[in-house]
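Visitor: Input upload-v3.cif, format and content: mmCIF, N, CA and C atoms.
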```
data_start
loop_
_atom_site.label_atom_id
_atom_site.label_comp_id
_atom_site.auth_asym_id
_atom_site.auth_seq_id
_atom_site.Cartn_x
_atom_site.Cartn_y
_atom_site.Cartn_z
N MET A 9 166.95 81.12 -155.14
CA MET A 9 167.74 81.35 -153.93
C MET A 9 169.23 81.38 -154.29
N LYS A 10 169.90 82.33 -153.72
CA LYS A 10 171.32 82.51 -153.98
C LYS A 10 172.13 81.49 -153.17
N ASN A 11 172.98 80.72 -153.83
CA ASN A 11 173.76 79.70 -153.14
C ASN A 11 175.23 80.04 -153.01
N GLU A 12 175.58 81.29 -153.27
CA GLU A 12 176.97 81.70 -153.11
C GLU A 12 177.02 83.16 -152.71
N ILE A 13 178.15 83.52 -152.16
CA ILE A 13 178.39 84.91 -151.79
C ILE A 13 179.79 85.26 -152.25
N ILE A 14 179.92 86.47 -152.78
CA ILE A 14 181.23 86.96 -153.22
C ILE A 14 181.61 88.13 -152.32
N ILE A 15 182.78 88.03 -151.73
CA ILE A 15 183.27 89.09 -150.85
C ILE A 15 184.41 89.81 -151.56
N LYS A 16 184.27 91.12 -151.66
CA LYS A 16 185.28 91.94 -152.33
C LYS A 16 186.47 92.17 -151.40
N PRO A 17 187.62 92.56 -151.96
CA PRO A 17 188.81 92.80 -151.14
C PRO A 17 188.64 93.92 -150.10
N THR A 18 187.63 94.74 -150.27
CA THR A 18 187.38 95.86 -149.36
C THR A 18 186.59 95.45 -148.12
N HIS A 19 186.17 94.19 -148.05
CA HIS A 19 185.32 93.72 -146.96
C HIS A 19 185.82 92.40 -146.40
N ARG A 20 185.29 92.05 -145.26
CA ARG A 20 185.45 90.72 -144.67
C ARG A 20 184.05 90.26 -144.32
N GLY A 21 183.87 88.95 -144.27
CA GLY A 21 182.56 88.41 -143.93
C GLY A 21 182.63 87.59 -142.66
N LEU A 22 181.62 87.74 -141.82
CA LEU A 22 181.52 86.92 -140.63
C LEU A 22 180.46 85.85 -140.90
N TRP A 23 180.87 84.58 -140.88
CA TRP A 23 180.03 83.44 -141.21
C TRP A 23 179.40 82.90 -139.93
N TYR A 24 178.09 83.02 -139.82
CA TYR A 24 177.35 82.51 -138.68
C TYR A 24 176.53 81.30 -139.09
N GLU A 25 176.55 80.27 -138.28
CA GLU A 25 175.67 79.11 -138.47
C GLU A 25 174.78 79.00 -137.25
N ASP A 26 173.48 79.09 -137.48
CA ASP A 26 172.48 79.05 -136.41
C ASP A 26 172.83 80.05 -135.30
N GLY A 27 173.28 81.25 -135.71
CA GLY A 27 173.57 82.32 -134.76
C GLY A 27 174.93 82.27 -134.11
N SER A 28 175.73 81.27 -134.42
CA SER A 28 177.05 81.14 -133.82
C SER A 28 178.13 81.45 -134.85
N LEU A 29 179.07 82.32 -134.48
CA LEU A 29 180.16 82.69 -135.38
C LEU A 29 181.06 81.48 -135.61
N LYS A 30 181.25 81.10 -136.86
CA LYS A 30 182.09 79.94 -137.19
C LYS A 30 183.43 80.34 -137.79
N ARG A 31 183.45 81.41 -138.60
CA ARG A 31 184.72 81.82 -139.22
C ARG A 31 184.60 83.21 -139.82
N VAL A 32 185.79 83.78 -140.10
CA VAL A 32 185.88 85.07 -140.78
C VAL A 32 186.33 84.79 -142.21
N LEU A 33 185.60 85.37 -143.16
CA LEU A 33 185.88 85.13 -144.58
C LEU A 33 186.67 86.28 -145.19
N ASP A 34 187.74 85.95 -145.88
CA ASP A 34 188.50 86.94 -146.65
C ASP A 34 187.83 87.13 -148.00
N ALA A 35 188.42 87.95 -148.85
CA ALA A 35 187.88 88.18 -150.18
C ALA A 35 187.82 86.87 -150.96
N GLY A 36 186.76 86.69 -151.73
CA GLY A 36 186.62 85.48 -152.54
C GLY A 36 185.17 85.06 -152.70
N ARG A 37 184.99 83.90 -153.32
CA ARG A 37 183.66 83.34 -153.56
C ARG A 37 183.44 82.17 -152.60
N TYR A 38 182.28 82.14 -151.97
CA TYR A 38 181.94 81.11 -151.00
C TYR A 38 180.57 80.53 -151.31
N GLU A 39 180.48 79.20 -151.22
CA GLU A 39 179.21 78.53 -151.44
C GLU A 39 178.45 78.43 -150.13
N LEU A 40 177.18 78.78 -150.19
CA LEU A 40 176.30 78.64 -149.03
C LEU A 40 175.67 77.25 -149.08
N PRO A 41 175.39 76.66 -147.91
CA PRO A 41 174.78 75.33 -147.93
C PRO A 41 173.37 75.39 -148.54
N LYS A 42 173.04 74.36 -149.30
CA LYS A 42 171.72 74.28 -149.93
C LYS A 42 170.71 73.75 -148.92
N LYS A 43 169.50 74.27 -149.01
CA LYS A 43 168.41 73.78 -148.17
C LYS A 43 167.95 72.42 -148.70
N ARG A 44 167.80 71.47 -147.83
CA ARG A 44 167.33 70.13 -148.20
C ARG A 44 166.05 69.85 -147.44
N TRP A 45 165.05 69.38 -148.14
CA TRP A 45 163.76 69.13 -147.49
C TRP A 45 163.81 67.90 -146.59
N PHE A 46 164.70 66.97 -146.85
CA PHE A 46 164.75 65.72 -146.09
C PHE A 46 165.74 65.76 -144.93
N ARG A 47 166.51 66.85 -144.83
CA ARG A 47 167.53 66.94 -143.78
C ARG A 47 167.65 68.38 -143.31
N ARG A 48 167.77 68.56 -142.01
CA ARG A 48 167.92 69.90 -141.46
C ARG A 48 169.33 70.40 -141.73
N THR A 49 169.44 71.58 -142.31
CA THR A 49 170.74 72.21 -142.52
C THR A 49 170.82 73.46 -141.66
N ALA A 50 172.01 73.82 -141.30
CA ALA A 50 172.20 75.01 -140.47
C ALA A 50 171.76 76.25 -141.23
N HIS A 51 171.18 77.19 -140.50
CA HIS A 51 170.85 78.48 -141.10
C HIS A 51 172.14 79.29 -141.13
N VAL A 52 172.56 79.68 -142.33
CA VAL A 52 173.81 80.41 -142.50
C VAL A 52 173.51 81.87 -142.82
N GLU A 53 174.24 82.74 -142.12
CA GLU A 53 174.15 84.17 -142.38
C GLU A 53 175.58 84.70 -142.48
N VAL A 54 175.83 85.54 -143.49
CA VAL A 54 177.14 86.17 -143.65
C VAL A 54 176.95 87.67 -143.51
N VAL A 55 177.65 88.26 -142.54
CA VAL A 55 177.58 89.71 -142.30
C VAL A 55 178.87 90.33 -142.82
N LEU A 56 178.72 91.31 -143.70
CA LEU A 56 179.89 91.98 -144.29
C LEU A 56 180.35 93.14 -143.42
N VAL A 57 181.67 93.29 -143.32
CA VAL A 57 182.27 94.40 -142.58
C VAL A 57 183.26 95.10 -143.50
N ASP A 58 183.10 96.40 -143.66
CA ASP A 58 183.97 97.21 -144.51
C ASP A 58 185.30 97.43 -143.77
N VAL A 59 186.42 97.10 -144.41
CA VAL A 59 187.73 97.25 -143.76
C VAL A 59 188.59 98.34 -144.42
N ARG A 60 187.96 99.17 -145.25
CA ARG A 60 188.71 100.27 -145.88
C ARG A 60 188.96 101.39 -144.88
N ASN A 61 189.96 102.23 -145.20
CA ASN A 61 190.21 103.43 -144.40
C ASN A 61 189.04 104.38 -144.56
N ARG A 62 188.61 104.96 -143.44
CA ARG A 62 187.47 105.88 -143.45
C ARG A 62 187.76 107.09 -142.59
N GLU A 63 186.90 108.07 -142.71
CA GLU A 63 187.02 109.28 -141.91
C GLU A 63 185.77 109.47 -141.08
N LEU A 64 185.97 110.00 -139.88
CA LEU A 64 184.87 110.33 -138.98
C LEU A 64 185.09 111.76 -138.53
N THR A 65 184.10 112.61 -138.73
CA THR A 65 184.21 114.01 -138.34
C THR A 65 183.41 114.26 -137.08
N ILE A 66 184.07 114.84 -136.10
CA ILE A 66 183.42 115.24 -134.86
C ILE A 66 183.29 116.75 -134.94
N LYS A 67 182.06 117.20 -135.18
CA LYS A 67 181.82 118.60 -135.51
C LYS A 67 181.50 119.46 -134.29
N GLY A 68 182.02 120.67 -134.33
CA GLY A 68 181.64 121.76 -133.45
C GLY A 68 181.46 121.45 -131.97
N GLN A 69 182.46 120.94 -131.32
CA GLN A 69 182.38 120.67 -129.89
C GLN A 69 182.73 121.93 -129.10
N GLU A 70 181.85 122.37 -128.21
CA GLU A 70 182.12 123.51 -127.33
C GLU A 70 182.87 122.97 -126.11
N ILE A 71 184.08 123.49 -125.91
CA ILE A 71 184.91 123.01 -124.81
C ILE A 71 185.50 124.20 -124.06
N LEU A 72 185.57 124.09 -122.74
CA LEU A 72 186.14 125.14 -121.90
C LEU A 72 187.60 124.80 -121.63
N THR A 73 188.52 125.73 -121.91
CA THR A 73 189.96 125.50 -121.71
C THR A 73 190.32 125.70 -120.23
N ALA A 74 191.58 125.40 -119.90
CA ALA A 74 192.06 125.54 -118.52
C ALA A 74 191.96 126.98 -118.03
N ASP A 75 192.09 127.96 -118.95
CA ASP A 75 191.98 129.37 -118.56
C ASP A 75 190.56 129.91 -118.75
N LYS A 76 189.57 129.01 -118.80
CA LYS A 76 188.14 129.31 -118.83
C LYS A 76 187.68 130.04 -120.09
N VAL A 77 188.31 129.76 -121.22
CA VAL A 77 187.90 130.31 -122.51
C VAL A 77 187.11 129.22 -123.23
N SER A 78 185.96 129.59 -123.74
CA SER A 78 185.14 128.62 -124.46
C SER A 78 185.57 128.61 -125.93
N ILE A 79 185.87 127.42 -126.44
CA ILE A 79 186.27 127.29 -127.84
C ILE A 79 185.41 126.23 -128.51
N ARG A 80 185.33 126.32 -129.81
CA ARG A 80 184.60 125.33 -130.60
C ARG A 80 185.61 124.64 -131.50
N VAL A 81 185.67 123.31 -131.41
CA VAL A 81 186.62 122.54 -132.21
C VAL A 81 185.90 121.46 -133.01
N SER A 82 186.48 121.16 -134.16
CA SER A 82 186.05 120.02 -134.97
C SER A 82 187.27 119.12 -135.12
N ILE A 83 187.02 117.82 -135.13
CA ILE A 83 188.11 116.85 -135.19
C ILE A 83 187.83 115.86 -136.30
N LEU A 84 188.87 115.55 -137.07
CA LEU A 84 188.77 114.55 -138.13
C LEU A 84 189.61 113.35 -137.71
N VAL A 85 188.99 112.16 -137.73
CA VAL A 85 189.67 110.92 -137.35
C VAL A 85 189.70 110.00 -138.56
N GLN A 86 190.89 109.50 -138.88
CA GLN A 86 191.01 108.52 -139.96
C GLN A 86 191.25 107.16 -139.32
N PHE A 87 190.41 106.18 -139.71
CA PHE A 87 190.47 104.87 -139.06
C PHE A 87 190.08 103.76 -140.03
N ALA A 88 190.34 102.53 -139.60
CA ALA A 88 189.94 101.34 -140.36
C ALA A 88 189.65 100.21 -139.38
N VAL A 89 188.74 99.33 -139.76
CA VAL A 89 188.46 98.14 -138.97
C VAL A 89 189.56 97.11 -139.25
N THR A 90 190.21 96.65 -138.19
CA THR A 90 191.27 95.64 -138.35
C THR A 90 190.84 94.28 -137.84
N ASP A 91 189.85 94.25 -136.97
CA ASP A 91 189.33 92.99 -136.43
C ASP A 91 187.80 93.01 -136.54
N PRO A 92 187.26 92.47 -137.64
CA PRO A 92 185.81 92.52 -137.86
C PRO A 92 184.99 91.87 -136.74
N THR A 93 185.52 90.81 -136.15
CA THR A 93 184.79 90.13 -135.08
C THR A 93 184.64 91.06 -133.87
N ALA A 94 185.72 91.66 -133.43
CA ALA A 94 185.66 92.58 -132.29
C ALA A 94 184.81 93.80 -132.61
N ALA A 95 184.90 94.31 -133.84
CA ALA A 95 184.14 95.50 -134.23
C ALA A 95 182.64 95.27 -134.10
N LEU A 96 182.17 94.06 -134.40
CA LEU A 96 180.74 93.78 -134.30
C LEU A 96 180.32 93.20 -132.96
N HIS A 97 181.24 92.54 -132.24
CA HIS A 97 180.86 91.86 -131.01
C HIS A 97 181.20 92.63 -129.74
N ALA A 98 182.25 93.43 -129.73
CA ALA A 98 182.70 94.09 -128.50
C ALA A 98 181.87 95.33 -128.15
N VAL A 99 181.36 96.02 -129.16
CA VAL A 99 180.55 97.22 -128.94
C VAL A 99 179.33 97.17 -129.86
N GLU A 100 178.32 97.95 -129.51
CA GLU A 100 177.10 97.93 -130.32
C GLU A 100 177.34 98.53 -131.71
N ASN A 101 178.05 99.66 -131.75
CA ASN A 101 178.32 100.32 -133.03
C ASN A 101 179.71 100.95 -132.92
N TYR A 102 180.69 100.39 -133.64
CA TYR A 102 182.07 100.84 -133.48
C TYR A 102 182.27 102.29 -133.92
N SER A 103 181.54 102.78 -134.91
CA SER A 103 181.68 104.19 -135.34
C SER A 103 181.19 105.14 -134.25
N ASP A 104 180.03 104.81 -133.66
CA ASP A 104 179.51 105.64 -132.57
C ASP A 104 180.44 105.62 -131.37
N ARG A 105 180.98 104.45 -131.07
CA ARG A 105 181.88 104.33 -129.93
C ARG A 105 183.17 105.13 -130.17
N LEU A 106 183.70 105.07 -131.38
CA LEU A 106 184.89 105.83 -131.71
C LEU A 106 184.63 107.32 -131.59
N TYR A 107 183.47 107.76 -132.06
CA TYR A 107 183.07 109.16 -131.96
C TYR A 107 183.10 109.60 -130.49
N SER A 108 182.47 108.81 -129.63
CA SER A 108 182.42 109.14 -128.19
C SER A 108 183.80 109.14 -127.56
N ASP A 109 184.61 108.14 -127.88
CA ASP A 109 185.95 108.05 -127.29
C ASP A 109 186.82 109.24 -127.68
N VAL A 110 186.76 109.64 -128.95
CA VAL A 110 187.56 110.79 -129.41
C VAL A 110 187.04 112.08 -128.78
N GLN A 111 185.73 112.20 -128.72
CA GLN A 111 185.12 113.39 -128.12
C GLN A 111 185.55 113.54 -126.66
N LEU A 112 185.51 112.47 -125.90
CA LEU A 112 185.91 112.53 -124.49
C LEU A 112 187.41 112.81 -124.33
N ALA A 113 188.23 112.19 -125.17
CA ALA A 113 189.67 112.43 -125.10
C ALA A 113 190.00 113.89 -125.44
N ALA A 114 189.30 114.44 -126.42
CA ALA A 114 189.51 115.84 -126.80
C ALA A 114 189.12 116.76 -125.66
N ARG A 115 188.01 116.48 -125.02
CA ARG A 115 187.58 117.30 -123.88
C ARG A 115 188.61 117.26 -122.75
N ARG A 116 189.12 116.07 -122.45
CA ARG A 116 190.13 115.95 -121.39
C ARG A 116 191.39 116.75 -121.73
N SER A 117 191.87 116.59 -122.96
CA SER A 117 193.10 117.27 -123.38
C SER A 117 192.93 118.77 -123.43
N LEU A 118 191.85 119.23 -124.03
CA LEU A 118 191.63 120.67 -124.18
C LEU A 118 191.37 121.35 -122.84
N ALA A 119 190.68 120.68 -121.95
CA ALA A 119 190.38 121.26 -120.64
C ALA A 119 191.64 121.44 -119.81
N ALA A 120 192.70 120.69 -120.12
CA ALA A 120 193.95 120.79 -119.37
C ALA A 120 194.91 121.81 -119.97
N MET A 121 194.55 122.40 -121.12
CA MET A 121 195.44 123.35 -121.80
C MET A 121 194.83 124.75 -121.81
N THR A 122 195.70 125.76 -121.85
CA THR A 122 195.22 127.13 -122.01
C THR A 122 195.01 127.39 -123.50
N LEU A 123 194.31 128.46 -123.82
CA LEU A 123 194.05 128.82 -125.21
C LEU A 123 195.36 129.02 -125.97
N GLU A 124 196.34 129.67 -125.34
CA GLU A 124 197.63 129.89 -125.99
C GLU A 124 198.33 128.56 -126.29
N ASP A 125 198.27 127.61 -125.34
CA ASP A 125 198.86 126.28 -125.57
C ASP A 125 198.20 125.58 -126.75
N ILE A 126 196.91 125.68 -126.82
CA ILE A 126 196.16 125.03 -127.90
C ILE A 126 196.56 125.61 -129.25
N LEU A 127 196.64 126.92 -129.32
CA LEU A 127 196.96 127.57 -130.59
C LEU A 127 198.40 127.32 -131.04
N THR A 128 199.30 127.15 -130.10
CA THR A 128 200.71 126.95 -130.47
C THR A 128 201.13 125.47 -130.51
N ASN A 129 200.35 124.59 -129.91
CA ASN A 129 200.73 123.17 -129.85
C ASN A 129 199.65 122.25 -130.40
N ARG A 130 199.16 122.53 -131.57
CA ARG A 130 198.10 121.71 -132.15
C ARG A 130 198.57 120.28 -132.40
N THR A 131 199.84 120.12 -132.74
CA THR A 131 200.38 118.78 -132.97
C THR A 131 200.38 117.97 -131.69
N ARG A 132 200.78 118.60 -130.60
CA ARG A 132 200.78 117.91 -129.31
C ARG A 132 199.35 117.51 -128.91
N LEU A 133 198.41 118.38 -129.16
CA LEU A 133 197.01 118.10 -128.86
C LEU A 133 196.54 116.88 -129.64
N SER A 134 196.86 116.84 -130.92
CA SER A 134 196.49 115.71 -131.77
C SER A 134 197.13 114.41 -131.26
N GLU A 135 198.39 114.48 -130.88
CA GLU A 135 199.09 113.31 -130.36
C GLU A 135 198.49 112.83 -129.04
N ASP A 136 198.09 113.77 -128.18
CA ASP A 136 197.46 113.41 -126.90
C ASP A 136 196.15 112.66 -127.12
N ILE A 137 195.34 113.16 -128.02
CA ILE A 137 194.05 112.52 -128.32
C ILE A 137 194.29 111.14 -128.92
N LEU A 138 195.23 111.05 -129.86
CA LEU A 138 195.54 109.77 -130.49
C LEU A 138 196.01 108.75 -129.45
N ARG A 139 196.89 109.16 -128.57
CA ARG A 139 197.42 108.26 -127.53
C ARG A 139 196.29 107.78 -126.62
N ASP A 140 195.37 108.68 -126.25
CA ASP A 140 194.26 108.31 -125.37
C ASP A 140 193.31 107.29 -126.01
N VAL A 141 193.09 107.42 -127.31
CA VAL A 141 192.04 106.63 -127.97
C VAL A 141 192.57 105.37 -128.66
N LYS A 142 193.82 105.39 -129.09
CA LYS A 142 194.35 104.30 -129.91
C LYS A 142 194.19 102.92 -129.27
N GLU A 143 194.59 102.78 -128.02
CA GLU A 143 194.53 101.48 -127.35
C GLU A 143 193.09 101.05 -127.08
N VAL A 144 192.25 101.99 -126.69
CA VAL A 144 190.84 101.69 -126.43
C VAL A 144 190.17 101.20 -127.72
N ALA A 145 190.41 101.90 -128.83
CA ALA A 145 189.81 101.54 -130.11
C ALA A 145 190.30 100.17 -130.58
N ALA A 146 191.54 99.84 -130.33
CA ALA A 146 192.07 98.53 -130.71
C ALA A 146 191.30 97.41 -130.00
N GLY A 147 190.79 97.70 -128.82
CA GLY A 147 190.00 96.72 -128.07
C GLY A 147 188.69 96.35 -128.75
N TYR A 148 188.19 97.23 -129.60
CA TYR A 148 186.98 96.88 -130.36
C TYR A 148 187.26 96.82 -131.87
N GLY A 149 188.50 96.47 -132.20
CA GLY A 149 188.83 96.13 -133.59
C GLY A 149 189.05 97.26 -134.56
N VAL A 150 189.36 98.46 -134.04
CA VAL A 150 189.56 99.62 -134.90
C VAL A 150 190.96 100.18 -134.70
N ALA A 151 191.64 100.46 -135.82
CA ALA A 151 192.97 101.08 -135.77
C ALA A 151 192.83 102.52 -136.26
N ILE A 152 193.40 103.44 -135.52
CA ILE A 152 193.34 104.85 -135.89
C ILE A 152 194.63 105.20 -136.61
N ALA A 153 194.49 105.71 -137.83
CA ALA A 153 195.65 106.11 -138.61
C ALA A 153 196.15 107.47 -138.14
N ARG A 154 195.23 108.40 -137.98
CA ARG A 154 195.57 109.75 -137.45
C ARG A 154 194.33 110.51 -137.10
#
```
What is this structure when it is put down as C-alpha coordinates?

Guide:
Amino acid sequence: MKNEIIIKPTHRGLWYEDGSLKRVLDAGRYELPKKRWFRRTAHVEVVLVDVRNRELTIKGQEILTADKVSIRVSILVQFAVTDPTAALHAVENYSDRLYSDVQLAARRSLAAMTLEDILTNRTRLSEDILRDVKEVAAGYGVAIAR
(Lines of atoms letter the chains of each structure in order from A and count residues from 1; the text may use other names and numbers.)
(Lines give C-alpha, C1' and ligand atoms only; values in the text may rest on other atoms or scores of the structure.)
Protein backbone atom coordinates (compact mmCIF):
# COMPACT_ATOMS: atom_id res chain seq x y z
CA MET A 1 0.00 0.00 0.00
CA LYS A 2 1.25 3.43 -0.95
CA ASN A 3 1.73 5.68 2.10
CA GLU A 4 2.67 8.88 0.31
CA ILE A 5 1.60 11.02 -2.58
CA ILE A 6 3.74 13.36 -4.65
CA ILE A 7 2.08 16.33 -6.28
CA LYS A 8 3.85 17.97 -9.20
CA PRO A 9 3.98 21.77 -9.67
CA THR A 10 1.45 21.42 -12.50
CA HIS A 11 -1.27 20.15 -10.15
CA ARG A 12 -2.98 20.78 -6.84
CA GLY A 13 -4.47 18.12 -4.61
CA LEU A 14 -7.73 18.19 -2.70
CA TRP A 15 -7.33 16.22 0.56
CA TYR A 16 -10.56 14.56 1.70
CA GLU A 17 -10.98 12.72 4.99
CA ASP A 18 -14.06 10.51 5.18
CA GLY A 19 -15.55 12.47 2.26
CA SER A 20 -14.98 15.90 3.77
CA LEU A 21 -12.56 18.37 2.18
CA LYS A 22 -9.85 19.21 4.73
CA ARG A 23 -7.22 21.11 2.73
CA VAL A 24 -5.73 21.97 -0.66
CA LEU A 25 -2.24 20.60 -1.28
CA ASP A 26 0.43 22.47 -3.22
CA ALA A 27 3.30 20.74 -5.02
CA GLY A 28 5.31 18.43 -2.78
CA ARG A 29 5.39 15.08 -0.99
CA TYR A 30 2.66 14.18 1.50
CA GLU A 31 2.34 11.21 3.82
CA LEU A 32 -0.97 9.41 3.91
CA PRO A 33 -2.17 8.03 7.25
CA LYS A 34 -1.35 4.37 7.81
CA LYS A 35 -4.16 1.89 8.38
CA ARG A 36 -4.09 0.48 11.91
CA TRP A 37 -5.97 -2.67 12.80
CA PHE A 38 -6.49 -1.62 16.43
CA ARG A 39 -7.71 1.93 15.74
CA ARG A 40 -10.05 3.45 13.18
CA THR A 41 -8.29 5.93 10.91
CA ALA A 42 -9.96 8.33 8.54
CA HIS A 43 -10.30 7.23 4.94
CA VAL A 44 -8.13 9.67 3.00
CA GLU A 45 -8.55 10.44 -0.68
CA VAL A 46 -6.50 12.96 -2.67
CA VAL A 47 -7.99 14.25 -5.93
CA LEU A 48 -5.57 15.91 -8.34
CA VAL A 49 -6.53 19.00 -10.34
CA ASP A 50 -4.45 20.18 -13.30
CA VAL A 51 -3.73 23.93 -13.01
CA ARG A 52 -1.78 24.39 -16.26
CA ASN A 53 -2.95 26.67 -19.06
CA ARG A 54 -5.14 24.74 -21.50
CA GLU A 55 -7.12 25.26 -24.65
CA LEU A 56 -10.74 24.45 -25.37
CA THR A 57 -12.01 24.47 -28.94
CA ILE A 58 -15.65 25.14 -29.68
CA LYS A 59 -16.05 23.79 -33.19
CA GLY A 60 -18.39 24.72 -36.01
CA GLN A 61 -21.26 26.58 -34.35
CA GLU A 62 -24.04 27.58 -36.78
CA ILE A 63 -25.26 31.02 -35.76
CA LEU A 64 -27.72 33.44 -37.35
CA THR A 65 -26.51 37.09 -37.46
CA ALA A 66 -28.65 40.19 -36.90
CA ASP A 67 -29.10 40.52 -40.69
CA LYS A 68 -30.29 36.87 -40.89
CA VAL A 69 -27.11 35.42 -42.44
CA SER A 70 -26.15 31.97 -41.23
CA ILE A 71 -22.47 31.64 -40.36
CA ARG A 72 -20.32 28.88 -38.94
CA VAL A 73 -17.75 29.86 -36.31
CA SER A 74 -15.13 28.06 -34.27
CA ILE A 75 -13.78 29.54 -31.05
CA LEU A 76 -10.57 28.83 -29.18
CA VAL A 77 -10.51 29.55 -25.43
CA GLN A 78 -7.32 29.58 -23.38
CA PHE A 79 -7.92 29.00 -19.67
CA ALA A 80 -6.51 27.65 -16.41
CA VAL A 81 -7.97 26.44 -13.13
CA THR A 82 -7.19 29.00 -10.41
CA ASP A 83 -9.37 27.61 -7.62
CA PRO A 84 -9.32 23.78 -7.57
CA THR A 85 -11.98 23.59 -4.85
CA ALA A 86 -14.50 25.68 -6.80
CA ALA A 87 -13.64 23.88 -10.06
CA LEU A 88 -14.64 20.52 -8.57
CA HIS A 89 -17.40 21.62 -6.17
CA ALA A 90 -19.28 24.47 -7.90
CA VAL A 91 -20.05 22.67 -11.18
CA GLU A 92 -20.16 19.05 -12.28
CA ASN A 93 -17.49 19.46 -14.97
CA TYR A 94 -15.73 22.82 -15.34
CA SER A 95 -14.57 22.14 -18.94
CA ASP A 96 -18.09 21.30 -20.09
CA ARG A 97 -19.48 24.31 -18.26
CA LEU A 98 -16.89 26.62 -19.84
CA TYR A 99 -17.74 25.20 -23.27
CA SER A 100 -21.44 25.97 -22.72
CA ASP A 101 -20.82 29.44 -21.30
CA VAL A 102 -18.59 30.47 -24.24
CA GLN A 103 -20.99 28.96 -26.74
CA LEU A 104 -23.94 30.91 -25.31
CA ALA A 105 -21.95 34.16 -25.09
CA ALA A 106 -20.85 33.77 -28.71
CA ARG A 107 -24.43 33.20 -29.83
CA ARG A 108 -25.61 36.32 -27.98
CA SER A 109 -22.82 38.49 -29.40
CA LEU A 110 -23.04 37.21 -32.96
CA ALA A 111 -26.83 37.40 -33.09
CA ALA A 112 -26.61 41.12 -32.22
CA MET A 113 -24.11 41.89 -35.03
CA THR A 114 -24.45 42.03 -38.81
CA LEU A 115 -22.15 39.96 -41.02
CA GLU A 116 -20.21 43.11 -41.99
CA ASP A 117 -19.71 44.01 -38.30
CA ILE A 118 -18.43 40.53 -37.57
CA LEU A 119 -15.96 40.56 -40.44
CA THR A 120 -14.60 44.01 -39.59
CA ASN A 121 -14.71 43.84 -35.76
CA ARG A 122 -13.41 40.42 -34.81
CA THR A 123 -11.45 41.90 -31.92
CA ARG A 124 -14.57 43.51 -30.49
CA LEU A 125 -16.41 40.21 -30.83
CA SER A 126 -13.65 38.40 -28.93
CA GLU A 127 -13.69 41.06 -26.20
CA ASP A 128 -17.50 40.83 -25.88
CA ILE A 129 -17.36 37.06 -25.40
CA LEU A 130 -14.48 37.34 -22.93
CA ARG A 131 -16.32 39.99 -20.89
CA ASP A 132 -19.50 37.86 -20.79
CA VAL A 133 -17.74 34.68 -19.66
CA LYS A 134 -14.82 35.86 -17.51
CA GLU A 135 -16.77 36.64 -14.34
CA VAL A 136 -19.02 33.59 -14.61
CA ALA A 137 -16.01 31.28 -15.08
CA ALA A 138 -14.26 32.83 -12.07
CA GLY A 139 -17.25 31.67 -10.01
CA TYR A 140 -16.29 28.06 -10.68
CA GLY A 141 -12.54 28.53 -10.32
CA VAL A 142 -11.48 29.10 -13.92
CA ALA A 143 -9.57 32.09 -15.30
CA ILE A 144 -9.77 32.81 -19.01
CA ALA A 145 -6.54 34.09 -20.53
CA ARG A 146 -8.07 34.84 -23.95

Visitor: Pick from A:Asp75, A:Pro17, A:Glu25, A:His51: nearest to A:Leu118, with only N, CA and C atoms counted?

Guide: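 Going through A:Asp75, A:Pro17, A:Glu25, A:His51 one by one, the smallest distance to A:Leu118 is for A:Asp75.
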
Visitor: Hey, what's within 8 Å of A:Met121 if we count all atoms listed in the file and toss same-chain stuff fewer than 6 positions away? As a ChimeraX atom specification, please?

Guide: /A:72-76

Visitor: Filtering to N, CA and C atoms, could you give me those residues as a PDB file, in the frame of the given file?

Guide:
```pdb
ATOM      1  N   LEU A  72     185.570 124.090-122.740  1.00  0.00           N
ATOM      2  CA  LEU A  72     186.140 125.140-121.900  1.00  0.00           C
ATOM      3  C   LEU A  72     187.600 124.800-121.630  1.00  0.00           C
ATOM      4  N   THR A  73     188.520 125.730-121.910  1.00  0.00           N
ATOM      5  CA  THR A  73     189.960 125.500-121.710  1.00  0.00           C
ATOM      6  C   THR A  73     190.320 125.700-120.230  1.00  0.00           C
ATOM      7  N   ALA A  74     191.580 125.400-119.900  1.00  0.00           N
ATOM      8  CA  ALA A  74     192.060 125.540-118.520  1.00  0.00           C
ATOM      9  C   ALA A  74     191.960 126.980-118.030  1.00  0.00           C
ATOM     10  N   ASP A  75     192.090 127.960-118.950  1.00  0.00           N
ATOM     11  CA  ASP A  75     191.980 129.370-118.560  1.00  0.00           C
ATOM     12  C   ASP A  75     190.560 129.910-118.750  1.00  0.00           C
ATOM     13  N   LYS A  76     189.570 129.010-118.800  1.00  0.00           N
ATOM     14  CA  LYS A  76     188.140 129.310-118.830  1.00  0.00           C
ATOM     15  C   LYS A  76     187.680 130.040-120.090  1.00  0.00           C
TER      16      LYS A  76
END
```

Visitor: Just checking: using only N, CA and C atoms, which residue out of A:Ile71, A:Ala50, A:Leu33, A:Ile14 ends up closest to A:Ala119?

Guide: A:Ile71

Visitor: List every residue of stretch 33-133 of chain A that DSSP, applied to the backbone of this structure, assigns to helix (DSSP H, G or I), and report them as a VMD selection string.

Guide: chain A and resid 92 to 97 102 to 119 123 to 128 130 to 133

Visitor: Quick one: everything within 7 Å of A:Arg60, counting all atoms listed in the file, minus sequence neighbours fewer than 4 positions away in the same chain. Send it as a tab-separated table (two decimals) with N, CA and C atoms, in the coordinates of the input.

Guide:
```tsv
chain	number	residue	atom	x	y	z
A	18	THR	N	187.63	94.74	-150.27
A	18	THR	CA	187.38	95.86	-149.36
A	18	THR	C	186.59	95.45	-148.12
A	19	HIS	N	186.17	94.19	-148.05
A	19	HIS	CA	185.32	93.72	-146.96
A	19	HIS	C	185.82	92.40	-146.40
A	87	PHE	N	190.41	106.18	-139.71
A	87	PHE	CA	190.47	104.87	-139.06
A	87	PHE	C	190.08	103.76	-140.03
A	88	ALA	N	190.34	102.53	-139.60
A	88	ALA	CA	189.94	101.34	-140.36
A	88	ALA	C	189.65	100.21	-139.38
A	89	VAL	N	188.74	99.33	-139.76
A	89	VAL	CA	188.46	98.14	-138.97
A	89	VAL	C	189.56	97.11	-139.25
```

Visitor: So how many Å separate atom CA of A:Ala151 and atom CA of A:Trp23, to one decimal?

Guide: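 Value for the atom CA of A:Ala151-atom CA of A:Trp23 distance: 22.5 Å.
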
Visitor: Enter the distance from atom C of A:Asp136 to atom C of A:Ala98, in Å, rounded to one decimal.

Guide: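 Atom C of A:Ala98 lies at a distance of 22.5 Å from atom C of A:Asp136.
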
Visitor: Residues of stretch 10-152 of chain A classed as strand (DSSP E) by DSSP on the backbone are to be reported as a ChimeraX atom specification.

Guide: /A:12-15,19-25,28-33,36-39,52-58,62-72,78-89,150-152

Visitor: Please, what distance in Å, to one decimal, runs between atom C of A:Val32 and atom CA of A:Asn101?

Guide: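 Straight-line distance from atom C of A:Val32 to atom CA of A:Asn101 works out to 19.7 Å.
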
Visitor: What does the PyMOL selection byres (((chain A and resi 63 and name CA) around 6) and name CA) select in this file, as a PyMOL selection string?

Guide: chain A and resi 62+64+85-86

Visitor: Got a sec to check which residues sit within 12 Å of (195.6, 115.6, -129.3), counting only C-alpha atoms, and write them as a count of residues only?

Guide: 34
